[in-house]
Amino acid sequence: VQLQASGGGLVQAGGSLRLSCAVSGRTWNSFGQGWFRQAPGKEREFVAAISSSGANRYYADSVNGRFTISRDNVGSTVSLHMNSLEPDDTAVYCCAAIWEGTLLHASDYRQMSKYDYWGRGTLVTVSS
């Protein structure tokens, strides 16, 4: 499974951006997808995740209500719609894939160590 994130850029506080993650691989529909971010000088953190079927979605408290994750299994893309952006959202955003066959708990989607494949990130900068 290979992943490539895109859609980052510079936006003013209160604005919106949509990130996309192009996914390739014959079995990608068996993988859940997640977005993580890493701000300058900080550790990488969980942002959002979606199950392989799209039925279950998970969000970090800091973005819940502002960000929406979705997936298009036909087009092999996972999107992160980000609204009401804040300067604290400034970070490099990465998408990742998690093999659902090994998951034990829903909370596993929030664990960086559980993810099997990672793509290169895209930079989001929110100006105040």
# chains A, B, ... in the order shown; residues from 1 in each chain; ligands from 1
>>> residues_around(residues="Ile50 of chain A", least_positions_apart="6", cutoff="12 Å", atoms="only C-alpha atoms", output="MDAnalysis selection string")
chainID A and resid 29:35 56:59 68:73 77:80 95:100 106:110
>>> residues_around(residues="Pro87 of chain A", least_positions_apart="3", cutoff="8 Å", atoms="only C-alpha atoms", output="list of chain:residue names")
A:Ala13, A:Thr90, A:Thr125, A:Val126, A:Ser127, A:Ser128
>>> write_last_selection(atoms="C-alpha atoms", output="mmCIF file, in the first residue's frame")
data_model
loop_
_atom_site.group_PDB
_atom_site.id
_atom_site.type_symbol
_atom_site.label_atom_id
_atom_site.label_comp_id
_atom_site.auth_asym_id
_atom_site.auth_seq_id
_atom_site.Cartn_x
_atom_site.Cartn_y
_atom_site.Cartn_z
ATOM 1 C CA ALA A 13 -7.334 31.636 10.587
ATOM 2 C CA THR A 90 -0.215 24.491 11.637
ATOM 3 C CA THR A 125 0.186 26.752 7.657
ATOM 4 C CA VAL A 126 -2.525 28.802 9.344
ATOM 5 C CA SER A 127 -1.773 32.486 9.783
ATOM 6 C CA SER A 128 -3.363 34.587 12.503
#
>>> atom_distance(atom1="atom CA of Gln12 of chain A", atom2="atom CA of Ser84 of chain A")
9.5 Å
>>> closest_residue(among="A:Gly54, A:Pro40, A:Gly9, A:Gly15", to="Phe67 of chain A", atoms="only C-alpha atoms")
A:Gly15
>>> residues_around(residues="Val23 of chain A", least_positions_apart="5", cutoff="7 Å", atoms="only C-alpha atoms", output="list in words")
Val1, Gln2, Leu3, Gln4, Ser76 and Thr77 of chain A
>>> atom_distance(atom1="atom CA of Asn64 of chain A", atom2="atom CA of Leu85 of chain A")
11.9 Å
>>> closest_residue(among="A:Leu17, A:Asn83, A:Arg44, A:Asp61", to="Gly121 of chain A", atoms="only C-alpha atoms")
A:Arg44
>>> atom_distance(atom1="atom CA of Ala91 of chain A", atom2="atom CA of Ser24 of chain A")
24.5 Å
>>> select_by_dssp(residues="chain A", states="strand (DSSP E or B)", output="PyMOL selection string")
chain A and resi 2-6+9-12+17-24+31-38+45-50+57-59+64+67-72+77-82+91-99+117-118+120+122-127
>>> select_by_dssp(residues="chain A", states="helix (DSSP H, G or I)", output="list of chain:residue names")
A:Trp28, A:Asn29, A:Ser30, A:Pro87, A:Asp88, A:Asp89, A:Glu100, A:Gly101, A:Thr102, A:Ala106, A:Ser107, A:Asp108, A:Tyr109, A:Arg110, A:Met112, A:Ser113, A:Lys114
>>> closest_residue(among="A:Arg66, A:Ser16, A:Glu43, A:Val124", to="Val92 of chain A", atoms="only C-alpha atoms")
A:Val124
>>> closest_residue(among="A:Phe36, A:Phe46, A:Trp28, A:Tyr115", to="Leu103 of chain A", atoms="only C-alpha atoms")
A:Tyr115
